[in-house]
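*Asks:* Mind having a look at this structure? Questions to follow.
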Amino acid sequence: MHKTPAFAVAGLLLLGALSPAGAQQQPAAEPAAASAPQPMVWTDPDFEAIGKALSGNWKTTAPVGQFGDASATADVLMSIAPASLADVPNALYVECARADSVDHPYRASFLQLYRREGKIRMRTLEVRDPNSPLNNLLIGLWAAPEYIPQVRRDVLIATLDMNVTKGADGWVAETPYPYPTALGGAFEMTSRMKIGNGRLETSDRGYDANGKVVWGASEGDKYTFEHTDAPFGVTRNENGLVVITLRQATGEQPSAEGDTVAFQYTGWLTNGVMFDTSRRQGKRPLQYVVPGSMIEGWTRATEGMAKGDWRKFIVPAELAWGPSSAAGGAIPANSTVIFEAECVFLQPAAAGAGEEDGH
């Protein structure tokens with residue numbers, strides 16, 4: 001069987017290296033329409049059936065080889081959740097990562113179901129700018145899909161389409177013709193995916209100018225995914241605070257009152273606009289003595305974090321700045337905000353507290 005890097009997952013993600021994406025780049029965000037948590041509304045019962053069959057967490061039944069190094073393999077996790085987007089109806093958000101670095105997915109995209117001449121098609125779309133802060137905002141939001149921002153259609157680029165047909169034991173999606181590619185010496189690629197009986201099977205192939213398979217599954221071969229446990233823990237509090245644990249360090253002491261902590265962080269509005277980040281050249285991590293002079297939502301969400309922990313949390317306005325605006329007007333009044341915070345330093349109080357910077 002020809003080895004392929006992270007495969008295309010039937011074109012869901014287009015082929016990409018198994019190495020993690022650069023998740024810390026933070027250029028200016030694109031304007032986006034304001035959004036609020038929205039339930040998913042499917043416009044077609046077939047779309048809903050396909051969406052439900054795809055949704056969840058999936059893991060390869062065998063390790064997948066990296067491109068150019070057949071001996072280097074890794075299990076791959078794929079997380080899929082419905083995304084209620086006004087500009088892209090009947091969509092799902094898809095995130096793919098190595099099992100040993102789930103907090104840094106190497107590829108993410110949206111899937112859109114639509115009909116062409118009455119027949120079902122599945123279109124894959126990716127954020128047009130690979131350096132957009134939207135990519136970092138989206139990480140892990142499959143765990144709280146109602147907070148996936150209202151990504152505009154013009155921010156996305158379509159990558160390929162697949163025809164979808166219903167079989168006796170599920171759904172089959174397949175590219176109607178080869179698509180051009182330049183990956184791994186291939187000139188064209190095809191993708192096929194089968195969904196059913198709690199399994200997801202993919203077979204993707206790249207062909208050279210002579211029609212020879214140069215990467216991907218050989219004829220008759222496929223990659224198989226089965227349902228697995230969610231890689232991230234999610235806590236939903238009665239006060240509306242949602243905390244997603246992207247990474248939990250092992251063997252590290254949790255923070256407590258009086259400890260000095262420092263965080264690398266980024267903050268967004270729920271419309272996808274970034275309003276602040278420490279992950280920018282020339283800025284320092286946020287340092288303070290617990291509990292510090294922070295908004296209530298931050299204090300609650302970061303409680304007990306250890307060095308190396310990384311969380312994303314959605315803070316309702318009542319636990320943020322309430323009816324007041326903040327950050328020079330960048331955060332409007334009554335705004336729900338989203339933060340990601342990585343604890344990069346912890347000094348226990350017994351070792352001598354540091355100076356509090358506040359924020």
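Following the order of the structure tokens, first chain is A, next is B, and so on, with residues numbered from 1 inside each chain and ligands from 1 in the order they appear.
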What parts of range 30-198 of chain A does DSSP call strand (DSSP E or B)? I'd like the answer as an NGL selection string.

*Replies:* :A and (56-60 or 64-66 or 69-74 or 76-83 or 91-98 or 107-116 or 119-127 or 156-167 or 170-174 or 179-180 or 188-196)

*Asks:* Residues within 6 Å of Met78 in chain A, please, as a PyMOL selection string. Count only C-alpha atoms; anything in the same chain fewer than 2 positions from it doesn't count.

*Replies:* chain A and resi 57-58+95-96

*Asks:* Neighbours of Glu238 in chain A within 12 Å (only C-alpha atoms; same-chain residues fewer than 4 positions away dropped), as a PyMOL selection string?

*Replies:* chain A and resi 242-243+315-316+319

*Asks:* Those residues with C-alpha atoms, as a PDB file, in the first residue's frame please?

*Replies:*
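Dumped everything to again26.pdb:
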ATOM      1  CA  VAL A 242     -17.772  26.897  29.047  1.00  0.00           C
ATOM      2  CA  VAL A 243     -14.233  25.559  29.579  1.00  0.00           C
ATOM      3  CA  VAL A 315     -17.101  33.794  29.063  1.00  0.00           C
ATOM      4  CA  PRO A 316     -20.645  35.214  29.090  1.00  0.00           C
ATOM      5  CA  LEU A 319     -18.731  37.138  33.950  1.00  0.00           C
TER       6      LEU A 319
END

*Asks:* When distances are computed from only C-alpha atoms, which of A:Asp154, A:Asp103, A:Glu188, A:Asp204 shows the smallest separation from Glu174 in chain A?

*Replies:* A:Asp204

*Asks:* Which residues are near Gly211 in chain A? Cut-off 9 Å, only C-alpha atoms, ignore same chain within fewer than 3 positions. Put them as an MDAnalysis selection string.

*Replies:* chainID A and resid 187:188 206:208 214

*Asks:* Identify, on the basis of only C-alpha atoms, every residue whose closest approach to range 110-120 of chain A does not exceed 8 Å; exclude the query and any residue fewer than 5 positions from it along the same chain; express the result as a list in words.

*Replies:* Leu12, Phe47, Val88, Pro89, Asn90, Ala91, Leu92, Tyr93, Val94, Leu125, Glu126, Asn163, Val164 and Thr165 of chain A

*Asks:* Looking at A:Pro348, A:Gly282, A:Gly329, A:Gly272, which one is nearest to Ser255 in chain A, with distances taken over only C-alpha atoms?

*Replies:*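 Using only C-alpha atoms, the shortest distance to Ser255 in chain A belongs to A:Pro348.
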
*Asks:* Tell me which of A:Ala173, A:Leu183, A:Val234, A:Val76 sits closest to Ser203 in chain A, counting only C-alpha atoms.

*Replies:* A:Ala173

*Asks:* As a PyMOL selection string, please: all residues of range 126-312 of chain A that backbone DSSP puts in alpha helix (DSSP H).

*Replies:* chain A and resi 133-138+296-301

*Asks:* Could you check how far CA of Leu77 in chain A sits from CA of Pro105 in chain A, in Å to one decimal?

*Replies:*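 So the two atoms, CA of Leu77 in chain A and CA of Pro105 in chain A, lie 9.1 Å apart.
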
*Asks:* Within 8 Å of Pro231 in chain A, counting only C-alpha atoms, which residues show up once you throw out same-chain ones fewer than 2 positions away? Write them as a list in words, please.

*Replies:*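 Skipping anything fewer than 2 positions along the chain leaves Val102, Asp229 and Gly233 of chain A.
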
*Asks:* For the selection you just gave me, I'd like the residues written to a file as a tab-separated table (two decimals), in the first residue's frame, keeping N, CA and C atoms.

*Replies:*
chain	number	residue	atom	x	y	z
A	102	VAL	N	-3.05	16.51	19.89
A	102	VAL	CA	-4.42	16.88	19.55
A	102	VAL	C	-4.69	18.36	19.75
A	229	ASP	N	-13.26	8.14	22.13
A	229	ASP	CA	-13.59	9.15	23.13
A	229	ASP	C	-13.07	10.52	22.69
A	233	GLY	N	-11.57	17.58	27.32
A	233	GLY	CA	-12.61	17.66	28.34
A	233	GLY	C	-13.34	18.99	28.24

*Asks:* What gap, in Å, lies between CA of Glu146 in chain A and CA of His227 in chain A?

*Replies:* 21.7 Å

*Asks:* Could you work out how far CA of Asp75 in chain A lies from CA of Thr202 in chain A, giving the answer in Å with one decimal?

*Replies:*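 Distance reported for this atom pair: 14.8 Å.
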
*Asks:* Using only C-alpha atoms, which residues sit within 9 Å of Ala86 in chain A once same-chain residues fewer than 2 positions away are excluded, as number ranges by chain?

*Replies:* A: 84, 88-89, 150-153

*Asks:* For the residues in the current selection, export C-alpha atoms as a tab-separated table (two decimals), in the first residue's frame.

*Replies:*
chain	number	residue	atom	x	y	z
A	84	SER	CA	-24.45	26.75	12.08
A	88	VAL	CA	-22.58	28.34	4.54
A	89	PRO	CA	-25.76	26.40	5.40
A	150	GLN	CA	-20.07	33.17	11.78
A	151	VAL	CA	-17.29	32.70	9.25
A	152	ARG	CA	-18.09	34.58	6.06
A	153	ARG	CA	-18.20	32.65	2.80

*Asks:* Restricting the calculation to only C-alpha atoms, which member of A:Ala81, A:Ile331, A:Ala326, A:Leu269 is positioned closest to Pro133 in chain A?

*Replies:*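 Smallest separation from Pro133 in chain A among the options: A:Leu269.
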